[in-house]
Amino acid sequence: SVQLVLDVPDSVPDAEHRLLLQIALNNCERLVRIINDILDVAKIESGNLTLNRKLVNVADIVRQSIQVVEGTARTAQVSLDARLPARLRPVMVDLDRIVQALVNLLSNAVKFAPQGSTVTVTAAGSESVVTLAVSDEGEGIAPENLSRLFMKFQQVDSSSSRRKGGTGLGLAITKALVEQHGGRIFVDSEVKKGTRFSFTLPAATAAEAESALLAPVAANKDGSARLAVRRVLVVDDDDDFRTLIRSQLSTAGYEVFDARDAASAMHIARTMRPDVITVDLLMPGLDGWDFIDKLRSEEPLARIPVVERRRGHEGRGSRPAVARSRPGARQPPRRHRAGSGRRRRLARGADGGADPRRASRAAGPRRR
């Protein structure tokens, strides 16, 4: 409620009263953080912490963590930088808990980083292990204090630590969360040069990685990558289907455009240059096949992968058949298209909802 009052510019015209409300809000938020930290410690120590593991791209972990911290970093005049390889195995983790762990490390780094400096998140991996690291350019930590960093209610005894405050639980919780996932956490620091925290997570197996959504990164020419939002164009005259798949893809981190007809879709494709297009083959007017032919005739658009949705020959209760059109591939003659046996059913999941996985895998590494 205090935040709602402060969000309205003229709600508290008196500057002193407004300052007092801001102090009250800051202390309320700090108290909430302390309570949440203590509850997390209690859950971990009692063995009651439940992990909801799912397959997650490392880039999604980094992206969400940076989004949480970027406001604080902006206020502190500290830059955030992410450096990721273009190809990295996904991990089987509780996304919320691993984001919590990485946010703790990022928040600490921003807290102790000098103004004008950069806090860097990096990732590296092998077939079995993925490593995430957070580096800052702060004061560093004396060697004799490193062993106490991950103890509960412990803070390094320095003037900056006392000035910055904190509960002394963040690093202990981070260590416990990482270890709950089967990983390990490390710290390297040099006084007056900065600190680097890193932790490992078991990488997904090759079989598990096959079902992962495409990572939200853009590949650089040197093999590294940067965070990027991928664009998907959904072309379908079925309003309910467009709404459903738009919702699912947006939740998965994609930027989604949609069109009810081929003419509108061509305009969006020319102006927005999506990474992948899903199209209903049996639209009225200019149908999906003609739309694809038109798309392939324009050089800038010819290389965009297309996921084709067919819904004209399903029986009651069956799922739409959809195939993927490879960029540059010749389309079969129209009289043979309906009978192609190579199409796969992939537009909807087992629960009847739209499945974004095939569209995401069709997008491919995006280069800018």
# chains A, B, ... in the order shown; residues from 1 in each chain; ligands from 1
$ residues_around --residues "A:Leu95" --least-positions-apart "3" --cutoff "8 Å" --atoms "only C-alpha atoms" --output "NGL selection string"
:A and (52-54 or 56 or 61 or 98-99)
$ residues_around --residues "stretch 65-80 of chain A" --least-positions-apart "3" --cutoff "12 Å" --atoms "only C-alpha atoms" --output "PDB file with N, CA, C and O atoms, in the first residue's frame"
ATOM      1  N   VAL A  58      20.258 -22.344 -20.223  1.00  0.00           N
ATOM      2  CA  VAL A  58      21.063 -21.501 -19.342  1.00  0.00           C
ATOM      3  C   VAL A  58      20.826 -20.033 -19.659  1.00  0.00           C
ATOM      4  O   VAL A  58      20.805 -19.186 -18.756  1.00  0.00           O
ATOM      5  N   ALA A  59      20.633 -19.707 -20.925  1.00  0.00           N
ATOM      6  CA  ALA A  59      20.388 -18.310 -21.303  1.00  0.00           C
ATOM      7  C   ALA A  59      19.123 -17.772 -20.648  1.00  0.00           C
ATOM      8  O   ALA A  59      19.044 -16.586 -20.312  1.00  0.00           O
ATOM      9  N   ASP A  60      18.106 -18.630 -20.459  1.00  0.00           N
ATOM     10  CA  ASP A  60      16.886 -18.187 -19.773  1.00  0.00           C
ATOM     11  C   ASP A  60      17.167 -17.866 -18.308  1.00  0.00           C
ATOM     12  O   ASP A  60      16.605 -16.912 -17.749  1.00  0.00           O
ATOM     13  N   ILE A  61      18.006 -18.668 -17.668  1.00  0.00           N
ATOM     14  CA  ILE A  61      18.377 -18.403 -16.276  1.00  0.00           C
ATOM     15  C   ILE A  61      19.070 -17.051 -16.170  1.00  0.00           C
ATOM     16  O   ILE A  61      18.747 -16.217 -15.310  1.00  0.00           O
ATOM     17  N   VAL A  62      20.014 -16.813 -17.068  1.00  0.00           N
ATOM     18  CA  VAL A  62      20.765 -15.553 -17.056  1.00  0.00           C
ATOM     19  C   VAL A  62      19.846 -14.372 -17.350  1.00  0.00           C
ATOM     20  O   VAL A  62      19.885 -13.346 -16.666  1.00  0.00           O
ATOM     21  N   ARG A  83      27.965 -12.935 -21.033  1.00  0.00           N
ATOM     22  CA  ARG A  83      28.796 -13.551 -22.076  1.00  0.00           C
ATOM     23  C   ARG A  83      28.541 -15.053 -22.064  1.00  0.00           C
ATOM     24  O   ARG A  83      28.905 -15.748 -21.114  1.00  0.00           O
ATOM     25  N   LEU A  95      13.764 -23.788 -11.987  1.00  0.00           N
ATOM     26  CA  LEU A  95      14.138 -22.485 -12.544  1.00  0.00           C
ATOM     27  C   LEU A  95      14.082 -21.381 -11.497  1.00  0.00           C
ATOM     28  O   LEU A  95      15.001 -20.557 -11.393  1.00  0.00           O
ATOM     29  N   ASP A  96      13.006 -21.330 -10.712  1.00  0.00           N
ATOM     30  CA  ASP A  96      12.872 -20.259  -9.725  1.00  0.00           C
ATOM     31  C   ASP A  96      14.009 -20.291  -8.713  1.00  0.00           C
ATOM     32  O   ASP A  96      14.544 -19.236  -8.324  1.00  0.00           O
ATOM     33  N   ARG A  97      14.390 -21.478  -8.275  1.00  0.00           N
ATOM     34  CA  ARG A  97      15.433 -21.591  -7.247  1.00  0.00           C
ATOM     35  C   ARG A  97      16.817 -21.256  -7.794  1.00  0.00           C
ATOM     36  O   ARG A  97      17.635 -20.634  -7.115  1.00  0.00           O
ATOM     37  N   ILE A  98      17.099 -21.671  -9.036  1.00  0.00           N
ATOM     38  CA  ILE A  98      18.403 -21.351  -9.610  1.00  0.00           C
ATOM     39  C   ILE A  98      18.483 -19.866  -9.950  1.00  0.00           C
ATOM     40  O   ILE A  98      19.542 -19.235  -9.801  1.00  0.00           O
ATOM     41  N   VAL A  99      17.382 -19.281 -10.399  1.00  0.00           N
ATOM     42  CA  VAL A  99      17.361 -17.826 -10.597  1.00  0.00           C
ATOM     43  C   VAL A  99      17.595 -17.120  -9.257  1.00  0.00           C
ATOM     44  O   VAL A  99      18.342 -16.140  -9.182  1.00  0.00           O
ATOM     45  N   GLN A 100      16.992 -17.627  -8.187  1.00  0.00           N
ATOM     46  CA  GLN A 100      17.217 -17.067  -6.858  1.00  0.00           C
ATOM     47  C   GLN A 100      18.693 -17.106  -6.495  1.00  0.00           C
ATOM     48  O   GLN A 100      19.253 -16.133  -5.980  1.00  0.00           O
ATOM     49  N   ALA A 101      19.350 -18.228  -6.774  1.00  0.00           N
ATOM     50  CA  ALA A 101      20.774 -18.370  -6.461  1.00  0.00           C
ATOM     51  C   ALA A 101      21.614 -17.373  -7.259  1.00  0.00           C
ATOM     52  O   ALA A 101      22.502 -16.698  -6.719  1.00  0.00           O
ATOM     53  N   LEU A 102      21.335 -17.266  -8.558  1.00  0.00           N
ATOM     54  CA  LEU A 102      22.114 -16.357  -9.400  1.00  0.00           C
ATOM     55  C   LEU A 102      21.817 -14.895  -9.050  1.00  0.00           C
ATOM     56  O   LEU A 102      22.722 -14.054  -9.067  1.00  0.00           O
ATOM     57  N   VAL A 103      20.562 -14.590  -8.719  1.00  0.00           N
ATOM     58  CA  VAL A 103      20.219 -13.227  -8.307  1.00  0.00           C
ATOM     59  C   VAL A 103      20.965 -12.843  -7.031  1.00  0.00           C
ATOM     60  O   VAL A 103      21.436 -11.709  -6.888  1.00  0.00           O
ATOM     61  N   ASN A 104      21.096 -13.787  -6.094  1.00  0.00           N
ATOM     62  CA  ASN A 104      21.862 -13.506  -4.869  1.00  0.00           C
ATOM     63  C   ASN A 104      23.298 -13.107  -5.208  1.00  0.00           C
ATOM     64  O   ASN A 104      23.842 -12.144  -4.651  1.00  0.00           O
ATOM     65  N   LEU A 105      23.921 -13.834  -6.132  1.00  0.00           N
ATOM     66  CA  LEU A 105      25.297 -13.529  -6.514  1.00  0.00           C
ATOM     67  C   LEU A 105      25.372 -12.192  -7.260  1.00  0.00           C
ATOM     68  O   LEU A 105      26.289 -11.391  -7.019  1.00  0.00           O
ATOM     69  N   LEU A 106      24.434 -11.955  -8.152  1.00  0.00           N
ATOM     70  CA  LEU A 106      24.422 -10.691  -8.892  1.00  0.00           C
ATOM     71  C   LEU A 106      24.178  -9.506  -7.964  1.00  0.00           C
ATOM     72  O   LEU A 106      24.830  -8.459  -8.091  1.00  0.00           O
ATOM     73  N   SER A 107      23.232  -9.667  -7.037  1.00  0.00           N
ATOM     74  CA  SER A 107      22.937  -8.580  -6.094  1.00  0.00           C
ATOM     75  C   SER A 107      24.147  -8.239  -5.239  1.00  0.00           C
ATOM     76  O   SER A 107      24.449  -7.064  -5.009  1.00  0.00           O
ATOM     77  N   ASN A 108      24.847  -9.272  -4.771  1.00  0.00           N
ATOM     78  CA  ASN A 108      26.070  -9.045  -3.998  1.00  0.00           C
ATOM     79  C   ASN A 108      27.113  -8.311  -4.825  1.00  0.00           C
ATOM     80  O   ASN A 108      27.775  -7.388  -4.347  1.00  0.00           O
ATOM     81  N   ALA A 109      27.273  -8.741  -6.066  1.00  0.00           N
ATOM     82  CA  ALA A 109      28.277  -8.125  -6.928  1.00  0.00           C
ATOM     83  C   ALA A 109      27.955  -6.656  -7.184  1.00  0.00           C
ATOM     84  O   ALA A 109      28.832  -5.790  -7.110  1.00  0.00           O
ATOM     85  N   VAL A 110      26.693  -6.364  -7.487  1.00  0.00           N
ATOM     86  CA  VAL A 110      26.279  -4.982  -7.725  1.00  0.00           C
ATOM     87  C   VAL A 110      26.453  -4.142  -6.460  1.00  0.00           C
ATOM     88  O   VAL A 110      26.884  -2.983  -6.512  1.00  0.00           O
ATOM     89  N   LYS A 111      26.151  -4.746  -5.323  1.00  0.00           N
ATOM     90  CA  LYS A 111      26.234  -4.036  -4.047  1.00  0.00           C
ATOM     91  C   LYS A 111      27.653  -3.539  -3.776  1.00  0.00           C
ATOM     92  O   LYS A 111      27.855  -2.426  -3.271  1.00  0.00           O
ATOM     93  N   PHE A 112      28.635  -4.351  -4.106  1.00  0.00           N
ATOM     94  CA  PHE A 112      30.017  -4.006  -3.767  1.00  0.00           C
ATOM     95  C   PHE A 112      30.824  -3.480  -4.952  1.00  0.00           C
ATOM     96  O   PHE A 112      32.007  -3.173  -4.805  1.00  0.00           O
ATOM     97  N   ALA A 113      30.208  -3.390  -6.126  1.00  0.00           N
ATOM     98  CA  ALA A 113      30.917  -2.890  -7.300  1.00  0.00           C
ATOM     99  C   ALA A 113      30.981  -1.366  -7.263  1.00  0.00           C
ATOM    100  O   ALA A 113      30.008  -0.704  -6.896  1.00  0.00           O
ATOM    101  N   PRO A 114      32.097  -0.769  -7.630  1.00  0.00           N
ATOM    102  CA  PRO A 114      32.192   0.693  -7.674  1.00  0.00           C
ATOM    103  C   PRO A 114      31.368   1.278  -8.817  1.00  0.00           C
ATOM    104  O   PRO A 114      31.101   0.591  -9.815  1.00  0.00           O
ATOM    105  N   GLN A 115      30.964   2.526  -8.687  1.00  0.00           N
ATOM    106  CA  GLN A 115      30.204   3.188  -9.734  1.00  0.00           C
ATOM    107  C   GLN A 115      31.014   3.206 -11.032  1.00  0.00           C
ATOM    108  O   GLN A 115      32.221   3.406 -11.038  1.00  0.00           O
ATOM    109  N   GLY A 116      30.314   2.982 -12.139  1.00  0.00           N
ATOM    110  CA  GLY A 116      30.972   2.997 -13.436  1.00  0.00           C
ATOM    111  C   GLY A 116      31.633   1.683 -13.827  1.00  0.00           C
ATOM    112  O   GLY A 116      32.163   1.568 -14.926  1.00  0.00           O
ATOM    113  N   SER A 117      31.585   0.701 -12.945  1.00  0.00           N
ATOM    114  CA  SER A 117      32.206  -0.595 -13.252  1.00  0.00           C
ATOM    115  C   SER A 117      31.170  -1.548 -13.855  1.00  0.00           C
ATOM    116  O   SER A 117      29.998  -1.206 -14.006  1.00  0.00           O
ATOM    117  N   THR A 118      31.627  -2.757 -14.191  1.00  0.00           N
ATOM    118  CA  THR A 118      30.764  -3.746 -14.839  1.00  0.00           C
ATOM    119  C   THR A 118      30.743  -5.044 -14.043  1.00  0.00           C
ATOM    120  O   THR A 118      31.793  -5.524 -13.614  1.00  0.00           O
ATOM    121  N   VAL A 119      29.557  -5.587 -13.850  1.00  0.00           N
ATOM    122  CA  VAL A 119      29.388  -6.930 -13.288  1.00  0.00           C
ATOM    123  C   VAL A 119      29.098  -7.864 -14.460  1.00  0.00           C
ATOM    124  O   VAL A 119      28.193  -7.610 -15.260  1.00  0.00           O
ATOM    125  N   THR A 120      29.874  -8.930 -14.577  1.00  0.00           N
ATOM    126  CA  THR A 120      29.796  -9.820 -15.741  1.00  0.00           C
ATOM    127  C   THR A 120      29.303 -11.203 -15.351  1.00  0.00           C
ATOM    128  O   THR A 120      29.779 -11.784 -14.379  1.00  0.00           O
ATOM    129  N   VAL A 121      28.344 -11.711 -16.121  1.00  0.00           N
ATOM    130  CA  VAL A 121      27.867 -13.082 -15.972  1.00  0.00           C
ATOM    131  C   VAL A 121      28.408 -13.889 -17.151  1.00  0.00           C
ATOM    132  O   VAL A 121      28.237 -13.488 -18.304  1.00  0.00           O
ATOM    133  N   THR A 122      29.048 -14.991 -16.866  1.00  0.00           N
ATOM    134  CA  THR A 122      29.561 -15.855 -17.932  1.00  0.00           C
ATOM    135  C   THR A 122      29.040 -17.272 -17.737  1.00  0.00           C
ATOM    136  O   THR A 122      28.643 -17.664 -16.633  1.00  0.00           O
ATOM    137  N   LEU A 132      28.216 -21.462 -14.252  1.00  0.00           N
ATOM    138  CA  LEU A 132      27.801 -20.063 -14.285  1.00  0.00           C
ATOM    139  C   LEU A 132      28.691 -19.278 -13.332  1.00  0.00           C
ATOM    140  O   LEU A 132      28.975 -19.750 -12.225  1.00  0.00           O
ATOM    141  N   VAL A 134      29.807 -15.154 -11.807  1.00  0.00           N
ATOM    142  CA  VAL A 134      29.536 -13.718 -11.660  1.00  0.00           C
ATOM    143  C   VAL A 134      30.810 -13.048 -11.176  1.00  0.00           C
ATOM    144  O   VAL A 134      31.351 -13.424 -10.133  1.00  0.00           O
ATOM    145  N   SER A 135      31.285 -12.058 -11.924  1.00  0.00           N
ATOM    146  CA  SER A 135      32.533 -11.371 -11.587  1.00  0.00           C
ATOM    147  C   SER A 135      32.264  -9.886 -11.390  1.00  0.00           C
ATOM    148  O   SER A 135      31.477  -9.286 -12.128  1.00  0.00           O
ATOM    149  N   ASP A 136      32.927  -9.291 -10.401  1.00  0.00           N
ATOM    150  CA  ASP A 136      32.817  -7.846 -10.191  1.00  0.00           C
ATOM    151  C   ASP A 136      34.207  -7.224 -10.108  1.00  0.00           C
ATOM    152  O   ASP A 136      35.219  -7.924 -10.091  1.00  0.00           O
ATOM    153  N   GLU A 137      34.242  -5.913 -10.061  1.00  0.00           N
ATOM    154  CA  GLU A 137      35.501  -5.169  -9.985  1.00  0.00           C
ATOM    155  C   GLU A 137      35.589  -4.417  -8.665  1.00  0.00           C
ATOM    156  O   GLU A 137      36.123  -3.309  -8.600  1.00  0.00           O
ATOM    157  N   GLY A 138      35.059  -5.025  -7.602  1.00  0.00           N
ATOM    158  CA  GLY A 138      34.997  -4.375  -6.296  1.00  0.00           C
ATOM    159  C   GLY A 138      36.281  -4.484  -5.488  1.00  0.00           C
ATOM    160  O   GLY A 138      37.364  -4.750  -6.026  1.00  0.00           O
ATOM    161  N   LYS A 164      26.936  -1.510   3.556  1.00  0.00           N
ATOM    162  CA  LYS A 164      25.964  -2.046   2.612  1.00  0.00           C
ATOM    163  C   LYS A 164      24.862  -2.834   3.293  1.00  0.00           C
ATOM    164  O   LYS A 164      23.761  -2.964   2.773  1.00  0.00           O
ATOM    165  N   LEU A 227      22.413 -12.354 -25.370  1.00  0.00           N
ATOM    166  CA  LEU A 227      20.992 -12.547 -25.112  1.00  0.00           C
ATOM    167  C   LEU A 227      20.178 -11.852 -26.196  1.00  0.00           C
ATOM    168  O   LEU A 227      20.482 -10.730 -26.609  1.00  0.00           O
TER     169      LEU A 227
END
$ atom_distance --atom1 "atom CA of A:Asp81" --atom2 "atom CA of A:Gln64"
13.4 Å
$ select_by_dssp --residues "stretch 89-118 of chain A" --states "alpha helix (DSSP H)" --output "list in words"
Leu95, Asp96, Arg97, Ile98, Val99, Gln100, Ala101, Leu102, Val103, Asn104, Leu105, Leu106, Ser107, Asn108, Ala109, Val110, Lys111 and Phe112 of chain A
$ write_last_selection --atoms "N, CA and C atoms" --output "mmCIF file, in the first residue's frame"
data_model
loop_
_atom_site.group_PDB
_atom_site.id
_atom_site.type_symbol
_atom_site.label_atom_id
_atom_site.label_comp_id
_atom_site.auth_asym_id
_atom_site.auth_seq_id
_atom_site.Cartn_x
_atom_site.Cartn_y
_atom_site.Cartn_z
ATOM 1 N N LEU A 95 13.764 -23.788 -11.987
ATOM 2 C CA LEU A 95 14.138 -22.485 -12.544
ATOM 3 C C LEU A 95 14.082 -21.381 -11.497
ATOM 4 N N ASP A 96 13.006 -21.330 -10.712
ATOM 5 C CA ASP A 96 12.872 -20.259 -9.725
ATOM 6 C C ASP A 96 14.009 -20.291 -8.713
ATOM 7 N N ARG A 97 14.390 -21.478 -8.275
ATOM 8 C CA ARG A 97 15.433 -21.591 -7.247
ATOM 9 C C ARG A 97 16.817 -21.256 -7.794
ATOM 10 N N ILE A 98 17.099 -21.671 -9.036
ATOM 11 C CA ILE A 98 18.403 -21.351 -9.610
ATOM 12 C C ILE A 98 18.483 -19.866 -9.950
ATOM 13 N N VAL A 99 17.382 -19.281 -10.399
ATOM 14 C CA VAL A 99 17.361 -17.826 -10.597
ATOM 15 C C VAL A 99 17.595 -17.120 -9.257
ATOM 16 N N GLN A 100 16.992 -17.627 -8.187
ATOM 17 C CA GLN A 100 17.217 -17.067 -6.858
ATOM 18 C C GLN A 100 18.693 -17.106 -6.495
ATOM 19 N N ALA A 101 19.350 -18.228 -6.774
ATOM 20 C CA ALA A 101 20.774 -18.370 -6.461
ATOM 21 C C ALA A 101 21.614 -17.373 -7.259
ATOM 22 N N LEU A 102 21.335 -17.266 -8.558
ATOM 23 C CA LEU A 102 22.114 -16.357 -9.400
ATOM 24 C C LEU A 102 21.817 -14.895 -9.050
ATOM 25 N N VAL A 103 20.562 -14.590 -8.719
ATOM 26 C CA VAL A 103 20.219 -13.227 -8.307
ATOM 27 C C VAL A 103 20.965 -12.843 -7.031
ATOM 28 N N ASN A 104 21.096 -13.787 -6.094
ATOM 29 C CA ASN A 104 21.862 -13.506 -4.869
ATOM 30 C C ASN A 104 23.298 -13.107 -5.208
ATOM 31 N N LEU A 105 23.921 -13.834 -6.132
ATOM 32 C CA LEU A 105 25.297 -13.529 -6.514
ATOM 33 C C LEU A 105 25.372 -12.192 -7.260
ATOM 34 N N LEU A 106 24.434 -11.955 -8.152
ATOM 35 C CA LEU A 106 24.422 -10.691 -8.892
ATOM 36 C C LEU A 106 24.178 -9.506 -7.964
ATOM 37 N N SER A 107 23.232 -9.667 -7.037
ATOM 38 C CA SER A 107 22.937 -8.580 -6.094
ATOM 39 C C SER A 107 24.147 -8.239 -5.239
ATOM 40 N N ASN A 108 24.847 -9.272 -4.771
ATOM 41 C CA ASN A 108 26.070 -9.045 -3.998
ATOM 42 C C ASN A 108 27.113 -8.311 -4.825
ATOM 43 N N ALA A 109 27.273 -8.741 -6.066
ATOM 44 C CA ALA A 109 28.277 -8.125 -6.928
ATOM 45 C C ALA A 109 27.955 -6.656 -7.184
ATOM 46 N N VAL A 110 26.693 -6.364 -7.487
ATOM 47 C CA VAL A 110 26.279 -4.982 -7.725
ATOM 48 C C VAL A 110 26.453 -4.142 -6.460
ATOM 49 N N LYS A 111 26.151 -4.746 -5.323
ATOM 50 C CA LYS A 111 26.234 -4.036 -4.047
ATOM 51 C C LYS A 111 27.653 -3.539 -3.776
ATOM 52 N N PHE A 112 28.635 -4.351 -4.106
ATOM 53 C CA PHE A 112 30.017 -4.006 -3.767
ATOM 54 C C PHE A 112 30.824 -3.480 -4.952
#
$ residues_around --residues "stretch 194-205 of chain A" --least-positions-apart "6" --cutoff "8 Å" --atoms "only C-alpha atoms" --output "PyMOL selection string"
chain A and resi 55+89-92+105+125-141+178+181-188
$ write_last_selection --atoms "N, CA, C and O atoms" --output "short mmCIF file (atom, residue, chain, number, x, y, z; two decimals), in the first residue's frame"
data_model
loop_
_atom_site.label_atom_id
_atom_site.label_comp_id
_atom_site.auth_asym_id
_atom_site.auth_seq_id
_atom_site.Cartn_x
_atom_site.Cartn_y
_atom_site.Cartn_z
N LEU A 55 13.47 -28.92 -17.77
CA LEU A 55 14.57 -28.63 -18.68
C LEU A 55 14.59 -27.13 -18.97
O LEU A 55 13.59 -26.56 -19.41
N ARG A 89 24.66 -26.95 -23.41
CA ARG A 89 23.64 -27.92 -22.99
C ARG A 89 22.68 -27.27 -22.00
O ARG A 89 23.10 -26.53 -21.11
N PRO A 90 21.38 -27.55 -22.10
CA PRO A 90 20.44 -27.09 -21.07
C PRO A 90 20.66 -27.85 -19.77
O PRO A 90 21.46 -28.81 -19.71
N VAL A 91 19.98 -27.43 -18.71
CA VAL A 91 20.11 -28.07 -17.40
C VAL A 91 18.72 -28.44 -16.88
O VAL A 91 17.73 -27.81 -17.22
N MET A 92 18.66 -29.48 -16.07
CA MET A 92 17.41 -29.92 -15.46
C MET A 92 17.37 -29.37 -14.05
O MET A 92 18.00 -29.91 -13.13
N LEU A 105 23.92 -13.83 -6.13
CA LEU A 105 25.30 -13.53 -6.51
C LEU A 105 25.37 -12.19 -7.26
O LEU A 105 26.29 -11.39 -7.02
N GLY A 125 30.44 -24.73 -20.51
CA GLY A 125 29.93 -26.06 -20.25
C GLY A 125 30.62 -27.14 -21.06
O GLY A 125 31.33 -26.88 -22.03
N SER A 126 30.38 -28.36 -20.62
CA SER A 126 30.84 -29.55 -21.31
C SER A 126 29.63 -30.45 -21.49
O SER A 126 28.49 -30.03 -21.28
N GLU A 127 29.84 -31.70 -21.85
CA GLU A 127 28.72 -32.62 -22.01
C GLU A 127 28.08 -32.99 -20.68
O GLU A 127 26.95 -33.45 -20.65
N SER A 128 28.79 -32.77 -19.58
CA SER A 128 28.27 -33.21 -18.28
C SER A 128 28.03 -32.09 -17.28
O SER A 128 27.24 -32.25 -16.35
N VAL A 129 28.69 -30.94 -17.46
CA VAL A 129 28.62 -29.88 -16.44
C VAL A 129 28.48 -28.52 -17.12
O VAL A 129 29.10 -28.25 -18.15
N VAL A 130 27.65 -27.66 -16.52
CA VAL A 130 27.54 -26.27 -16.92
C VAL A 130 28.00 -25.40 -15.76
O VAL A 130 27.64 -25.67 -14.61
N THR A 131 28.80 -24.38 -16.05
CA THR A 131 29.31 -23.48 -15.01
C THR A 131 28.82 -22.07 -15.26
O THR A 131 28.98 -21.53 -16.37
N LEU A 132 28.22 -21.46 -14.25
CA LEU A 132 27.80 -20.06 -14.28
C LEU A 132 28.69 -19.28 -13.33
O LEU A 132 28.98 -19.75 -12.22
N ALA A 133 29.11 -18.08 -13.74
CA ALA A 133 30.01 -17.29 -12.91
C ALA A 133 29.59 -15.83 -12.93
O ALA A 133 29.10 -15.32 -13.94
N VAL A 134 29.81 -15.15 -11.81
CA VAL A 134 29.54 -13.72 -11.66
C VAL A 134 30.81 -13.05 -11.18
O VAL A 134 31.35 -13.42 -10.13
N SER A 135 31.28 -12.06 -11.92
CA SER A 135 32.53 -11.37 -11.59
C SER A 135 32.26 -9.89 -11.39
O SER A 135 31.48 -9.29 -12.13
N ASP A 136 32.93 -9.29 -10.40
CA ASP A 136 32.82 -7.85 -10.19
C ASP A 136 34.21 -7.22 -10.11
O ASP A 136 35.22 -7.92 -10.09
N GLU A 137 34.24 -5.91 -10.06
CA GLU A 137 35.50 -5.17 -9.99
C GLU A 137 35.59 -4.42 -8.66
O GLU A 137 36.12 -3.31 -8.60
N GLY A 138 35.06 -5.03 -7.60
CA GLY A 138 35.00 -4.38 -6.30
C GLY A 138 36.28 -4.48 -5.49
O GLY A 138 37.36 -4.75 -6.03
N GLU A 139 36.14 -4.33 -4.17
CA GLU A 139 37.29 -4.29 -3.28
C GLU A 139 37.99 -5.64 -3.14
O GLU A 139 39.15 -5.71 -2.78
N GLY A 140 37.27 -6.71 -3.42
CA GLY A 140 37.84 -8.03 -3.21
C GLY A 140 37.71 -8.47 -1.76
O GLY A 140 37.29 -7.69 -0.88
N ILE A 141 38.04 -9.72 -1.50
CA ILE A 141 37.90 -10.31 -0.17
C ILE A 141 39.24 -10.87 0.27
O ILE A 141 39.91 -11.58 -0.50
N VAL A 178 22.41 -24.63 -4.77
CA VAL A 178 23.27 -25.24 -5.78
C VAL A 178 23.54 -26.70 -5.44
O VAL A 178 23.47 -27.59 -6.30
N HIS A 181 20.88 -29.17 -6.15
CA HIS A 181 20.80 -29.53 -7.57
C HIS A 181 21.96 -30.42 -8.01
O HIS A 181 22.08 -30.75 -9.20
N GLY A 182 22.81 -30.80 -7.08
CA GLY A 182 23.94 -31.64 -7.43
C GLY A 182 25.15 -30.88 -7.92
O GLY A 182 26.06 -31.47 -8.53
N GLY A 183 25.20 -29.56 -7.66
CA GLY A 183 26.33 -28.75 -8.10
C GLY A 183 27.24 -28.34 -6.96
O GLY A 183 27.04 -28.73 -5.80
N ARG A 184 28.24 -27.53 -7.27
CA ARG A 184 29.18 -27.01 -6.28
C ARG A 184 29.39 -25.54 -6.54
O ARG A 184 29.22 -25.05 -7.66
N ILE A 185 29.76 -24.79 -5.49
CA ILE A 185 29.98 -23.35 -5.61
C ILE A 185 31.40 -23.01 -5.20
O ILE A 185 31.97 -23.65 -4.30
N PHE A 186 31.99 -22.01 -5.87
CA PHE A 186 33.39 -21.64 -5.64
C PHE A 186 33.50 -20.11 -5.59
O PHE A 186 32.63 -19.39 -6.11
N VAL A 187 34.56 -19.63 -4.96
CA VAL A 187 34.84 -18.19 -4.94
C VAL A 187 36.33 -17.96 -5.14
O VAL A 187 37.16 -18.67 -4.56
N ASP A 188 36.67 -17.01 -5.97
CA ASP A 188 38.05 -16.56 -6.17
C ASP A 188 38.04 -15.04 -6.02
O ASP A 188 37.20 -14.36 -6.63
#
$ closest_residue --among "A:Asp275, A:Glu208, A:Glu298, A:Glu308" --to "A:Asp236" --atoms "only C-alpha atoms"
A:Glu308
$ atom_distance --atom1 "atom CA of A:Met272" --atom2 "atom CA of A:Glu210"
28.5 Å
$ residues_around --residues "stretch 249-259 of chain A" --least-positions-apart "4" --cutoff "8 Å" --atoms "only C-alpha atoms" --output "PyMOL selection string"
chain A and resi 216+229-237+242+245+264-265+268+356
$ residues_around --residues "A:Asn48" --least-positions-apart "5" --cutoff "12 Å" --atoms "only C-alpha atoms" --output "JSON, numbers by chain"
{"A": [39, 40, 41, 42, 43, 180]}
$ atom_distance --atom1 "atom CA of A:Arg260" --atom2 "atom CA of A:Ala302"
20.7 Å
$ select_by_dssp --residues "stretch 100-281 of chain A" --states "strand (DSSP E or B)" --output "number ranges by chain"
A: 118-125, 129-135, 185-190, 194-203, 217-219, 224-227, 231-235, 255-259, 276-280
$ residues_around --residues "A:Lys294" --least-positions-apart "2" --cutoff "12 Å" --atoms "only C-alpha atoms" --output "ChimeraX atom specification"
/A:262-263,265-267,269-270,286-292,296-302,331
$ closest_atom_pairs --of "stretch 14-105 of chain A" --to "stretch 2-7 of chain A" --cutoff "10 Å" --atoms "only C-alpha atoms" --output "JSON lines"
{"residue": "A:Arg18", "atom": "CA", "partner": "A:Leu6", "partner_atom": "CA", "distance": 7.4}
{"residue": "A:Leu19", "atom": "CA", "partner": "A:Leu6", "partner_atom": "CA", "distance": 9.7}
{"residue": "A:Leu21", "atom": "CA", "partner": "A:Val2", "partner_atom": "CA", "distance": 6.9}
{"residue": "A:Gln22", "atom": "CA", "partner": "A:Leu6", "partner_atom": "CA", "distance": 7.6}
{"residue": "A:Ala24", "atom": "CA", "partner": "A:Val2", "partner_atom": "CA", "distance": 8.1}
{"residue": "A:Leu25", "atom": "CA", "partner": "A:Val2", "partner_atom": "CA", "distance": 6.3}
{"residue": "A:Asn26", "atom": "CA", "partner": "A:Gln3", "partner_atom": "CA", "distance": 9.8}
{"residue": "A:Cys28", "atom": "CA", "partner": "A:Val2", "partner_atom": "CA", "distance": 9.5}
